[in-house]
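S.K.: Quick one, query_0.cif (mmCIF, C-alpha atoms and all ligand atoms):
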data_target
loop_
_atom_site.group_PDB
_atom_site.id
_atom_site.type_symbol
_atom_site.label_atom_id
_atom_site.label_comp_id
_atom_site.auth_asym_id
_atom_site.auth_seq_id
_atom_site.Cartn_x
_atom_site.Cartn_y
_atom_site.Cartn_z
ATOM 1 C CA MET G 20 39.772 87.698 120.847
ATOM 2 C CA THR G 21 42.824 89.766 119.930
ATOM 3 C CA GLU G 22 41.380 93.262 120.220
ATOM 4 C CA PRO G 23 43.009 95.567 122.736
ATOM 5 C CA ILE G 24 41.094 95.871 125.993
ATOM 6 C CA LEU G 25 41.390 99.659 125.856
ATOM 7 C CA PRO G 26 39.410 100.271 122.696
ATOM 8 C CA ASP G 27 41.069 102.008 119.787
ATOM 9 C CA LEU G 28 38.471 103.985 117.843
ATOM 10 C CA THR G 29 40.970 106.030 115.846
ATOM 11 C CA GLY G 30 39.511 107.323 112.606
ATOM 12 C CA GLN G 31 35.913 106.638 113.623
ATOM 13 C CA SER G 32 33.327 109.353 114.251
ATOM 14 C CA ALA G 33 30.589 109.480 116.866
ATOM 15 C CA ILE G 34 27.485 111.447 117.695
ATOM 16 C CA VAL G 35 26.530 111.701 121.364
ATOM 17 C CA THR G 36 23.189 113.306 122.151
ATOM 18 C CA GLY G 37 22.708 115.208 125.381
ATOM 19 C CA ALA G 38 26.460 115.594 125.807
ATOM 20 C CA SER G 39 26.648 118.996 127.512
ATOM 21 C CA SER G 40 26.755 117.420 130.993
ATOM 22 C CA GLY G 41 26.654 114.223 133.009
ATOM 23 C CA ILE G 42 26.743 110.818 131.363
ATOM 24 C CA GLY G 43 26.649 112.191 127.808
ATOM 25 C CA GLN G 44 29.597 114.480 128.492
ATOM 26 C CA ALA G 45 31.614 111.623 129.983
ATOM 27 C CA CYS G 46 30.783 109.384 126.997
ATOM 28 C CA ALA G 47 31.858 112.053 124.499
ATOM 29 C CA ILE G 48 35.179 112.597 126.285
ATOM 30 C CA ALA G 49 35.850 108.857 126.614
ATOM 31 C CA LEU G 50 35.164 108.325 122.908
ATOM 32 C CA ALA G 51 37.635 111.119 122.115
ATOM 33 C CA GLU G 52 40.188 109.497 124.438
ATOM 34 C CA CYS G 53 39.815 106.351 122.334
ATOM 35 C CA GLY G 54 40.547 108.391 119.199
ATOM 36 C CA ALA G 55 37.060 109.022 117.780
ATOM 37 C CA ASN G 56 35.879 112.367 116.433
ATOM 38 C CA VAL G 57 32.843 113.498 118.398
ATOM 39 C CA ALA G 58 29.745 115.541 117.575
ATOM 40 C CA VAL G 59 28.499 116.876 120.897
ATOM 41 C CA ASN G 60 24.764 117.438 120.750
ATOM 42 C CA TYR G 61 23.100 119.660 123.330
ATOM 43 C CA TYR G 62 19.735 121.264 123.922
ATOM 44 C CA GLY G 63 19.851 123.823 126.727
ATOM 45 C CA SER G 64 23.491 124.420 127.523
ATOM 46 C CA PRO G 65 25.902 125.687 124.854
ATOM 47 C CA ASP G 66 28.510 126.367 127.568
ATOM 48 C CA GLY G 67 28.398 122.790 128.813
ATOM 49 C CA ALA G 68 28.687 121.531 125.236
ATOM 50 C CA GLN G 69 31.699 123.769 124.656
ATOM 51 C CA GLU G 70 33.312 122.369 127.806
ATOM 52 C CA THR G 71 32.806 118.859 126.383
ATOM 53 C CA VAL G 72 34.228 119.897 123.007
ATOM 54 C CA ASP G 73 37.291 121.464 124.642
ATOM 55 C CA ALA G 74 37.933 118.286 126.648
ATOM 56 C CA CYS G 75 37.592 116.163 123.477
ATOM 57 C CA LEU G 76 39.957 118.398 121.499
ATOM 58 C CA GLU G 77 42.679 117.769 124.077
ATOM 59 C CA HIS G 78 42.830 114.211 122.747
ATOM 60 C CA GLY G 79 43.763 115.363 119.255
ATOM 61 C CA VAL G 80 40.464 114.430 117.597
ATOM 62 C CA LYS G 81 37.911 116.626 115.840
ATOM 63 C CA ALA G 82 34.971 117.754 117.951
ATOM 64 C CA ILE G 83 32.042 120.098 117.370
ATOM 65 C CA SER G 84 28.996 121.092 119.350
ATOM 66 C CA LEU G 85 25.610 120.937 117.655
ATOM 67 C CA ALA G 86 22.331 122.222 119.068
ATOM 68 C CA GLY G 87 19.173 120.197 118.586
ATOM 69 C CA ASP G 88 16.076 118.791 120.230
ATOM 70 C CA VAL G 89 16.170 115.031 119.641
ATOM 71 C CA SER G 90 12.394 114.776 119.860
ATOM 72 C CA LYS G 91 12.134 116.769 116.596
ATOM 73 C CA GLU G 92 12.757 114.898 113.375
ATOM 74 C CA GLU G 93 14.081 118.013 111.591
ATOM 75 C CA ASP G 94 16.578 118.696 114.395
ATOM 76 C CA VAL G 95 17.880 115.135 114.266
ATOM 77 C CA ALA G 96 18.214 115.340 110.469
ATOM 78 C CA ALA G 97 20.165 118.600 110.804
ATOM 79 C CA LEU G 98 22.338 117.125 113.563
ATOM 80 C CA PHE G 99 23.392 114.201 111.375
ATOM 81 C CA ALA G 100 23.843 116.392 108.271
ATOM 82 C CA ASP G 101 26.129 118.795 110.164
ATOM 83 C CA ALA G 102 28.131 116.022 111.795
ATOM 84 C CA ILE G 103 28.629 114.282 108.434
ATOM 85 C CA ASP G 104 29.669 117.604 106.865
ATOM 86 C CA HIS G 105 32.403 117.897 109.479
ATOM 87 C CA PHE G 106 33.581 114.308 109.774
ATOM 88 C CA GLY G 107 32.544 112.689 106.485
ATOM 89 C CA ALA G 108 30.920 109.700 108.225
ATOM 90 C CA ILE G 109 29.330 108.477 111.438
ATOM 91 C CA ASP G 110 30.328 105.099 112.885
ATOM 92 C CA ILE G 111 28.943 105.347 116.421
ATOM 93 C CA ALA G 112 25.698 106.877 117.713
ATOM 94 C CA VAL G 113 25.115 107.204 121.448
ATOM 95 C CA ALA G 114 21.408 107.953 121.981
ATOM 96 C CA ASN G 115 21.848 109.446 125.409
ATOM 97 C CA ALA G 116 19.722 112.597 125.752
ATOM 98 C CA GLY G 117 17.265 112.159 128.597
ATOM 99 C CA ILE G 118 15.232 114.190 131.053
ATOM 100 C CA GLN G 119 13.025 113.667 134.092
ATOM 101 C CA LYS G 120 9.794 115.503 134.803
ATOM 102 C CA ASP G 121 8.562 113.787 137.930
ATOM 103 C CA ALA G 122 5.053 113.833 139.379
ATOM 104 C CA ALA G 123 2.652 111.603 141.259
ATOM 105 C CA PHE G 124 0.583 109.480 138.886
ATOM 106 C CA THR G 125 -2.583 111.587 138.932
ATOM 107 C CA ASP G 126 -0.710 114.910 138.984
ATOM 108 C CA LEU G 127 1.352 114.219 135.878
ATOM 109 C CA THR G 128 0.317 116.563 133.077
ATOM 110 C CA LYS G 129 -0.099 115.375 129.520
ATOM 111 C CA ALA G 130 2.563 117.934 128.543
ATOM 112 C CA ASP G 131 5.135 116.366 130.911
ATOM 113 C CA TRP G 132 4.172 112.876 129.792
ATOM 114 C CA ASP G 133 4.631 113.910 126.143
ATOM 115 C CA ARG G 134 7.904 115.724 126.749
ATOM 116 C CA VAL G 135 9.590 112.828 128.557
ATOM 117 C CA ILE G 136 8.343 110.243 126.070
ATOM 118 C CA GLY G 137 9.342 112.640 123.274
ATOM 119 C CA VAL G 138 12.950 113.107 124.395
ATOM 120 C CA ASN G 139 13.687 109.789 126.113
ATOM 121 C CA LEU G 140 11.943 107.396 123.719
ATOM 122 C CA THR G 141 10.971 109.051 120.424
ATOM 123 C CA GLY G 142 14.280 110.937 120.495
ATOM 124 C CA GLN G 143 16.205 107.686 120.709
ATOM 125 C CA PHE G 144 14.164 106.186 117.867
ATOM 126 C CA LEU G 145 14.857 109.198 115.630
ATOM 127 C CA VAL G 146 18.590 109.127 116.389
ATOM 128 C CA MET G 147 18.794 105.374 115.731
ATOM 129 C CA GLN G 148 16.870 105.698 112.471
ATOM 130 C CA ALA G 149 19.114 108.508 111.221
ATOM 131 C CA ALA G 150 22.209 106.551 112.249
ATOM 132 C CA VAL G 151 21.107 103.393 110.421
ATOM 133 C CA ARG G 152 20.366 105.352 107.234
ATOM 134 C CA GLN G 153 23.845 106.883 107.418
ATOM 135 C CA PHE G 154 25.568 103.539 108.112
ATOM 136 C CA ARG G 155 23.919 102.083 105.014
ATOM 137 C CA ALA G 156 24.780 105.092 102.858
ATOM 138 C CA GLN G 157 28.478 105.096 103.760
ATOM 139 C CA GLY G 158 29.087 101.321 103.700
ATOM 140 C CA MET G 159 31.749 99.359 105.563
ATOM 141 C CA ARG G 160 34.615 101.376 107.011
ATOM 142 C CA GLN G 161 37.352 100.401 109.436
ATOM 143 C CA SER G 162 35.182 98.721 112.064
ATOM 144 C CA ARG G 163 34.043 95.088 111.898
ATOM 145 C CA ALA G 164 30.467 96.347 112.101
ATOM 146 C CA LEU G 165 28.709 98.592 109.617
ATOM 147 C CA GLY G 166 27.820 100.820 112.571
ATOM 148 C CA LYS G 167 27.285 100.782 116.312
ATOM 149 C CA ILE G 168 24.382 102.248 118.267
ATOM 150 C CA ILE G 169 24.351 102.530 122.044
ATOM 151 C CA ALA G 170 21.082 103.462 123.738
ATOM 152 C CA MET G 171 21.219 105.014 127.194
ATOM 153 C CA SER G 172 18.589 103.140 129.148
ATOM 154 C CA SER G 173 18.237 102.928 132.948
ATOM 155 C CA VAL G 174 17.687 100.397 135.698
ATOM 156 C CA HIS G 175 14.130 101.734 135.363
ATOM 157 C CA ASP G 176 13.707 99.806 132.135
ATOM 158 C CA VAL G 177 12.989 96.920 134.538
ATOM 159 C CA ILE G 178 12.483 98.520 137.978
ATOM 160 C CA PRO G 179 9.083 100.232 138.242
ATOM 161 C CA TRP G 180 9.442 103.746 139.693
ATOM 162 C CA ALA G 181 6.556 105.379 141.564
ATOM 163 C CA GLY G 182 6.304 109.091 140.868
ATOM 164 C CA HIS G 183 8.193 108.726 137.576
ATOM 165 C CA VAL G 184 5.763 106.870 135.315
ATOM 166 C CA ASN G 185 6.711 108.886 132.214
ATOM 167 C CA TYR G 186 10.425 108.174 132.742
ATOM 168 C CA ALA G 187 10.076 104.471 133.561
ATOM 169 C CA THR G 188 7.673 103.944 130.650
ATOM 170 C CA ALA G 189 10.093 105.630 128.252
ATOM 171 C CA LYS G 190 13.036 103.525 129.477
ATOM 172 C CA GLY G 191 10.988 100.327 129.271
ATOM 173 C CA GLY G 192 10.299 101.360 125.683
ATOM 174 C CA VAL G 193 13.998 101.996 125.050
ATOM 175 C CA SER G 194 14.753 98.410 126.020
ATOM 176 C CA MET G 195 12.335 97.002 123.434
ATOM 177 C CA LEU G 196 13.338 99.619 120.840
ATOM 178 C CA MET G 197 16.959 98.542 121.231
ATOM 179 C CA LYS G 198 16.235 94.805 121.067
ATOM 180 C CA THR G 199 13.870 95.059 118.107
ATOM 181 C CA ALA G 200 16.282 97.268 116.174
ATOM 182 C CA ALA G 201 19.124 94.853 116.975
ATOM 183 C CA GLN G 202 17.112 91.883 115.741
ATOM 184 C CA GLU G 203 16.059 93.681 112.554
ATOM 185 C CA LEU G 204 19.471 95.115 111.666
ATOM 186 C CA ALA G 205 21.934 92.437 112.771
ATOM 187 C CA SER G 206 22.195 90.804 109.348
ATOM 188 C CA GLU G 207 23.541 94.114 108.038
ATOM 189 C CA ARG G 208 26.212 94.000 110.754
ATOM 190 C CA ILE G 209 24.703 96.907 112.605
ATOM 191 C CA ARG G 210 25.002 96.429 116.358
ATOM 192 C CA VAL G 211 22.468 97.980 118.716
ATOM 193 C CA ASN G 212 23.033 97.681 122.461
ATOM 194 C CA ALA G 213 22.082 99.581 125.605
ATOM 195 C CA VAL G 214 23.666 100.586 128.868
ATOM 196 C CA SER G 215 21.469 100.714 131.970
ATOM 197 C CA PRO G 216 22.969 103.030 134.544
ATOM 198 C CA GLY G 217 21.845 102.874 138.139
ATOM 199 C CA ALA G 218 22.248 105.935 140.334
ATOM 200 C CA ILE G 219 25.001 108.025 138.779
ATOM 201 C CA ALA G 220 25.951 111.407 140.243
ATOM 202 C CA THR G 221 24.740 113.903 137.639
ATOM 203 C CA ALA G 222 22.484 116.957 137.557
ATOM 204 C CA ILE G 223 19.391 114.761 136.983
ATOM 205 C CA ASN G 224 19.465 113.366 140.564
ATOM 206 C CA LYS G 225 21.488 116.076 142.360
ATOM 207 C CA ASP G 226 18.614 116.764 144.752
ATOM 208 C CA VAL G 227 19.061 113.180 146.027
ATOM 209 C CA TRP G 228 22.849 112.714 146.241
ATOM 210 C CA SER G 229 23.514 116.213 147.574
ATOM 211 C CA ASP G 230 21.154 115.715 150.543
ATOM 212 C CA PRO G 231 22.822 113.468 153.199
ATOM 213 C CA GLN G 232 19.546 111.857 154.329
ATOM 214 C CA LYS G 233 18.319 111.126 150.820
ATOM 215 C CA ALA G 234 21.794 109.934 149.818
ATOM 216 C CA GLU G 235 21.775 107.408 152.662
ATOM 217 C CA ALA G 236 18.369 106.091 151.589
ATOM 218 C CA LEU G 237 19.681 105.829 148.033
ATOM 219 C CA ASN G 238 22.811 103.958 149.163
ATOM 220 C CA ALA G 239 20.591 101.378 150.862
ATOM 221 C CA LEU G 240 19.333 100.483 147.381
ATOM 222 C CA ILE G 241 22.844 99.885 146.051
ATOM 223 C CA PRO G 242 24.560 96.660 147.186
ATOM 224 C CA TYR G 243 27.925 98.164 146.234
ATOM 225 C CA ALA G 244 27.027 100.980 148.670
ATOM 226 C CA ARG G 245 28.062 104.000 146.670
ATOM 227 C CA ILE G 246 26.732 106.179 143.905
ATOM 228 C CA GLY G 247 28.293 105.726 140.450
ATOM 229 C CA GLN G 248 30.247 108.231 138.392
ATOM 230 C CA PRO G 249 29.555 109.228 134.764
ATOM 231 C CA ARG G 250 32.910 107.842 133.637
ATOM 232 C CA GLU G 251 31.882 104.378 134.833
ATOM 233 C CA ILE G 252 29.058 104.483 132.290
ATOM 234 C CA ALA G 253 31.366 105.860 129.605
ATOM 235 C CA ALA G 254 33.685 102.869 130.091
ATOM 236 C CA ALA G 255 30.813 100.544 129.162
ATOM 237 C CA VAL G 256 29.833 102.713 126.199
ATOM 238 C CA VAL G 257 33.299 102.777 124.612
ATOM 239 C CA TRP G 258 33.512 99.000 124.954
ATOM 240 C CA LEU G 259 30.140 98.557 123.237
ATOM 241 C CA ALA G 260 31.316 100.965 120.518
ATOM 242 C CA SER G 261 34.472 98.967 119.857
ATOM 243 C CA ASP G 262 35.297 95.776 117.965
ATOM 244 C CA ALA G 263 36.128 94.158 121.322
ATOM 245 C CA SER G 264 32.341 93.700 121.681
ATOM 246 C CA ASP G 265 31.727 92.754 118.034
ATOM 247 C CA TYR G 266 29.719 89.637 118.973
ATOM 248 C CA VAL G 267 27.503 91.530 121.443
ATOM 249 C CA ASN G 268 24.174 92.594 119.968
ATOM 250 C CA GLY G 269 20.793 93.407 121.471
ATOM 251 C CA HIS G 270 22.264 93.401 124.973
ATOM 252 C CA THR G 271 21.697 95.687 127.933
ATOM 253 C CA LEU G 272 24.840 96.163 129.978
ATOM 254 C CA VAL G 273 23.696 97.019 133.504
ATOM 255 C CA VAL G 274 26.139 99.309 135.329
ATOM 256 C CA ASP G 275 24.441 99.907 138.659
ATOM 257 C CA GLY G 276 26.493 98.630 141.610
ATOM 258 C CA GLY G 277 23.906 95.855 141.935
ATOM 259 C CA MET G 278 20.783 98.035 142.163
ATOM 260 C CA GLU G 279 18.855 95.500 140.042
ATOM 261 C CA LEU G 280 19.605 92.707 142.557
ATOM 262 C CA TYR G 281 16.541 93.347 144.763
ATOM 263 C CA PRO G 282 18.635 94.659 147.718
ATOM 264 C CA GLU G 283 15.490 94.907 149.900
ATOM 265 C CA PHE G 284 15.661 91.100 150.071
ATOM 266 C CA ARG G 285 19.058 91.057 151.792
ATOM 267 C CA ASP G 286 17.408 90.809 155.212
ATOM 268 C CA ASN G 287 13.832 90.001 154.234
ATOM 269 C CA GLY G 288 11.735 87.530 152.295
HETATM 270 C C1 LIG G 301 17.525 108.244 137.081
HETATM 271 C C2 LIG G 301 18.147 108.755 138.359
HETATM 272 C C3 LIG G 301 18.067 107.705 139.439
HETATM 273 C C4 LIG G 301 18.561 106.359 138.959
HETATM 274 C C5 LIG G 301 18.342 105.256 139.978
HETATM 275 C C6 LIG G 301 18.174 106.931 136.717
HETATM 276 O O1 LIG G 301 17.708 106.449 135.512
HETATM 277 O O2 LIG G 301 17.675 109.208 136.044
HETATM 278 O O3 LIG G 301 17.486 109.940 138.768
HETATM 279 O O4 LIG G 301 18.858 108.110 140.550
HETATM 280 O O5 LIG G 301 17.924 106.013 137.760
HETATM 281 O O6 LIG G 301 17.049 105.268 140.514
#
Would you mind giving the structure from this file in structure tokens?
Ligand code: BGC
M.R.:
Amino acid sequence: MTEPILPDLTGQSAIVTGASSGIGQACAIALAECGANVAVNYYGSPDGAQETVDACLEHGVKAISLAGDVSKEEDVAALFADAIDHFGAIDIAVANAGIQKDAAFTDLTKADWDRVIGVNLTGQFLVMQAAVRQFRAQGMRQSRALGKIIAMSSVHDVIPWAGHVNYATAKGGVSMLMKTAAQELASERIRVNAVSPGAIATAINKDVWSDPQKAEALNALIPYARIGQPREIAAAVVWLASDASDYVNGHTLVVDGGMELYPEFRDNG
């Protein structure tokens, strides 16, 4: 392998959904650092998206913020159309947008089930589908692959999570969505991979990491004994977006400080 370890994505263009904060924001900025133009999708926070855009622009690339609800087909179509208008092509899609609406099993409303499945699973499907159509339409560009898709999964694509059945079900679905898409599209040199973050300090779990007692209980689940940072996920994403990972397809890269290693068994079993 002769590719540089720090990926060079100069001249490529990316869409990152849910990039107004947290992991999506870090991914957008890291892609810009590697030289890619970035379309920063957001839903609720135009200010956060602008912050991401400003940080991307500092790296001398093009960056725009685009509103849109990834669970709506028309929003995803508009997102891709606008991004392509600005950049001329899309080489990398990071299907990141995700939410939690937690409730005990029998308290979970159908509306909160639908919303989480809609954003976290259907949203990723719609983004992947739009990306694949665009990759085909534009043909081969400067990357070895026709296009690269990175799905943001979670350790909860394998770890069941009481009180979060909508979230865990959606992430379990993301894992199979990613693998099936990878299998179906590989012969066209489209790569589809996922990153499974563990506990990463973002707004989604702030109630846990900002409370000392809950943070200690969380740390007990992490063999590496600390919470992760968004940039540690972004590092995995830019690698999966680059030619350095050209032979990696249908893979979930777990970035979790060992959370998936059954830490409860350290002193038991
Ligand atoms: C969730 C976080 C949680 C982490 C580990 C993530 O997918 O969004 O809230 O801290 O998994 O349980």
S.K.: Translate the PyMOL selection byres (((not hetatm)) within 7 of (chain G and resi 301)) into a concrete residue list for this structure, as a list in words.
M.R.: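 Residues picked by the PyMOL selection byres (((not hetatm)) within 7 of (chain G and resi 301)): Gln119, Ser173, Val174, His175, Pro216, Gly217, Ala218, Ile219, Ile223 and Asn224 of chain G.
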S.K.: Between G:Tyr281, G:Tyr186, G:Phe154, G:Tyr62, which has the minimum distance to Leu240 of chain G (counting only C-alpha atoms)?
M.R.: G:Tyr281
S.K.: Name all residues at most 12 Å from Gln157 of chain G (count all atoms listed in the file; drop same-chain ones fewer than 4 positions away) and give them as a list in words.
M.R.: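 Skipping anything fewer than 4 positions along the chain leaves Ile103, Gly107, Ala108, Ile109, Asp110, Ala150, Val151, Arg152, Gln153, Gln161, Leu165 and Gly166 of chain G.
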S.K.: Only C-alpha atoms, please: the residues just picked out, written as a CSV table (one decimal), in the frame of the given file.
M.R.:
chain,number,residue,atom,x,y,z
G,103,ILE,CA,28.6,114.3,108.4
G,107,GLY,CA,32.5,112.7,106.5
G,108,ALA,CA,30.9,109.7,108.2
G,109,ILE,CA,29.3,108.5,111.4
G,110,ASP,CA,30.3,105.1,112.9
G,150,ALA,CA,22.2,106.6,112.2
G,151,VAL,CA,21.1,103.4,110.4
G,152,ARG,CA,20.4,105.4,107.2
G,153,GLN,CA,23.8,106.9,107.4
G,161,GLN,CA,37.4,100.4,109.4
G,165,LEU,CA,28.7,98.6,109.6
G,166,GLY,CA,27.8,100.8,112.6
S.K.: Check the smallest atom-to-atom distance from each of G:Gly37, G:Leu98, G:Gly79, G:Thr29 to Ala55 of chain G using all atoms listed in the file, then report the winner.
M.R.: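 The closest residue to Ala55 of chain G is G:Thr29.
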S.K.: Residues picked by the PyMOL selection byres (((chain G and resi 33) around 9) and not hetatm) here, as a PyMOL selection string?
M.R.: chain G and resi 31-32+34-35+47+50-51+55-59+102+108-113
S.K.: Between atom CA of Ser229 of chain G and atom CA of Gly117 of chain G, what is the distance, to one decimal in Å?
M.R.: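 Separation of atom CA of Ser229 of chain G and atom CA of Gly117 of chain G: 20.4 Å.
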S.K.: What gap, in Å, lies between atom CA of Ile246 of chain G and atom CA of Ala220 of chain G?
M.R.: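 For atom CA of Ile246 of chain G relative to atom CA of Ala220 of chain G, the distance reads 6.4 Å.
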S.K.: In Å, how far is it from atom CA of Arg134 of chain G to atom CA of Thr71 of chain G?
M.R.: 25.1 Å
S.K.: Which one is closest to Ala181 of chain G: G:Leu127, G:Met197, G:Ala156, G:Cys75? Count all atoms listed in the file.
M.R.: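 Going through G:Leu127, G:Met197, G:Ala156, G:Cys75 one by one, the smallest distance to Ala181 of chain G is for G:Leu127.
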S.K.: Place a sphere of radius 9 Å on (30.2, 97.1, 128.1) in the file coordinates and name every protein, DNA or RNA residue with an atom inside or on its surface, counting only C-alpha atoms; give the answer as a ChimeraX atom specification.
M.R.: /G:213-214,252-260,264,271-274
S.K.: Store the residues picked out above, limited to C-alpha atoms, as a tab-separated table (two decimals), keeping the file's coordinate frame.
M.R.:
chain	number	residue	atom	x	y	z
G	213	ALA	CA	22.08	99.58	125.60
G	214	VAL	CA	23.67	100.59	128.87
G	252	ILE	CA	29.06	104.48	132.29
G	253	ALA	CA	31.37	105.86	129.60
G	254	ALA	CA	33.68	102.87	130.09
G	255	ALA	CA	30.81	100.54	129.16
G	256	VAL	CA	29.83	102.71	126.20
G	257	VAL	CA	33.30	102.78	124.61
G	258	TRP	CA	33.51	99.00	124.95
G	259	LEU	CA	30.14	98.56	123.24
G	260	ALA	CA	31.32	100.96	120.52
G	264	SER	CA	32.34	93.70	121.68
G	271	THR	CA	21.70	95.69	127.93
G	272	LEU	CA	24.84	96.16	129.98
G	273	VAL	CA	23.70	97.02	133.50
G	274	VAL	CA	26.14	99.31	135.33
S.K.: Kindly list the centre and edge lengths in Å, rounded to one decimal, for the axis-aligned box that covers all listed atoms of segment 165-181 of chain G plus 8 Å on each of its six sides, as lines of an AutoDock Vina configuration file.
M.R.:
center_x = 17.6
center_y = 101.1
center_z = 125.6
size_x = 38.2
size_y = 24.5
size_z = 47.9
S.K.: Pick the closest to Ser172 of chain G from G:Lys120, G:Ala49, G:Leu196, G:Gly247: which is it, counting all atoms listed in the file?
M.R.: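 Residue with the minimum atom-to-atom distance to Ser172 of chain G: G:Leu196.
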S.K.: For Pro65 of chain G, list every protein, DNA or RNA residue within 8 Å, evaluated using all atoms listed in the file, and leave out those in the same chain fewer than 2 positions away; present the list as a PDB file with C-alpha atoms, in the frame of the given file.
M.R.:
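This is the output file around.pdb:
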ATOM      1  CA  SER G  39      26.648 118.996 127.512  1.00  0.00           C
ATOM      2  CA  TYR G  61      23.100 119.660 123.330  1.00  0.00           C
ATOM      3  CA  TYR G  62      19.735 121.264 123.922  1.00  0.00           C
ATOM      4  CA  GLY G  63      19.851 123.823 126.727  1.00  0.00           C
ATOM      5  CA  GLY G  67      28.398 122.790 128.813  1.00  0.00           C
ATOM      6  CA  ALA G  68      28.687 121.531 125.236  1.00  0.00           C
ATOM      7  CA  GLN G  69      31.699 123.769 124.656  1.00  0.00           C
ATOM      8  CA  SER G  84      28.996 121.092 119.350  1.00  0.00           C
ATOM      9  CA  ALA G  86      22.331 122.222 119.068  1.00  0.00           C
TER      10      ALA G  86
END
S.K.: Run the PyMOL selection byres (((chain G and resi 140) around 10) and not hetatm) against the file shown and list the residues it catches, as a PyMOL selection string.
M.R.: chain G and resi 89-90+114+116-117+134-139+141-145+170+172+186+188-194+196
S.K.: Just to be explicit: take each residue in the selection above, keep C-alpha atoms, and write the result as a PDB file, in the coordinates of the input.
M.R.:
ATOM      1  CA  VAL G  89      16.170 115.031 119.641  1.00  0.00           C
ATOM      2  CA  SER G  90      12.394 114.776 119.860  1.00  0.00           C
ATOM      3  CA  ALA G 114      21.408 107.953 121.981  1.00  0.00           C
ATOM      4  CA  ALA G 116      19.722 112.597 125.752  1.00  0.00           C
ATOM      5  CA  GLY G 117      17.265 112.159 128.597  1.00  0.00           C
ATOM      6  CA  ARG G 134       7.904 115.724 126.749  1.00  0.00           C
ATOM      7  CA  VAL G 135       9.590 112.828 128.557  1.00  0.00           C
ATOM      8  CA  ILE G 136       8.343 110.243 126.070  1.00  0.00           C
ATOM      9  CA  GLY G 137       9.342 112.640 123.274  1.00  0.00           C
ATOM     10  CA  VAL G 138      12.950 113.107 124.395  1.00  0.00           C
ATOM     11  CA  ASN G 139      13.687 109.789 126.113  1.00  0.00           C
ATOM     12  CA  THR G 141      10.971 109.051 120.424  1.00  0.00           C
ATOM     13  CA  GLY G 142      14.280 110.937 120.495  1.00  0.00           C
ATOM     14  CA  GLN G 143      16.205 107.686 120.709  1.00  0.00           C
ATOM     15  CA  PHE G 144      14.164 106.186 117.867  1.00  0.00           C
ATOM     16  CA  LEU G 145      14.857 109.198 115.630  1.00  0.00           C
ATOM     17  CA  ALA G 170      21.082 103.462 123.738  1.00  0.00           C
ATOM     18  CA  SER G 172      18.589 103.140 129.148  1.00  0.00           C
ATOM     19  CA  TYR G 186      10.425 108.174 132.742  1.00  0.00           C
ATOM     20  CA  THR G 188       7.673 103.944 130.650  1.00  0.00           C
ATOM     21  CA  ALA G 189      10.093 105.630 128.252  1.00  0.00           C
ATOM     22  CA  LYS G 190      13.036 103.525 129.477  1.00  0.00           C
ATOM     23  CA  GLY G 191      10.988 100.327 129.271  1.00  0.00           C
ATOM     24  CA  GLY G 192      10.299 101.360 125.683  1.00  0.00           C
ATOM     25  CA  VAL G 193      13.998 101.996 125.050  1.00  0.00           C
ATOM     26  CA  SER G 194      14.753  98.410 126.020  1.00  0.00           C
ATOM     27  CA  LEU G 196      13.338  99.619 120.840  1.00  0.00           C
TER      28      LEU G 196
END
S.K.: Which one of G:Lys167, G:Val184, G:Glu92, G:Val72 sits closest to Asp121 of chain G if you count only C-alpha atoms?
M.R.: G:Val184
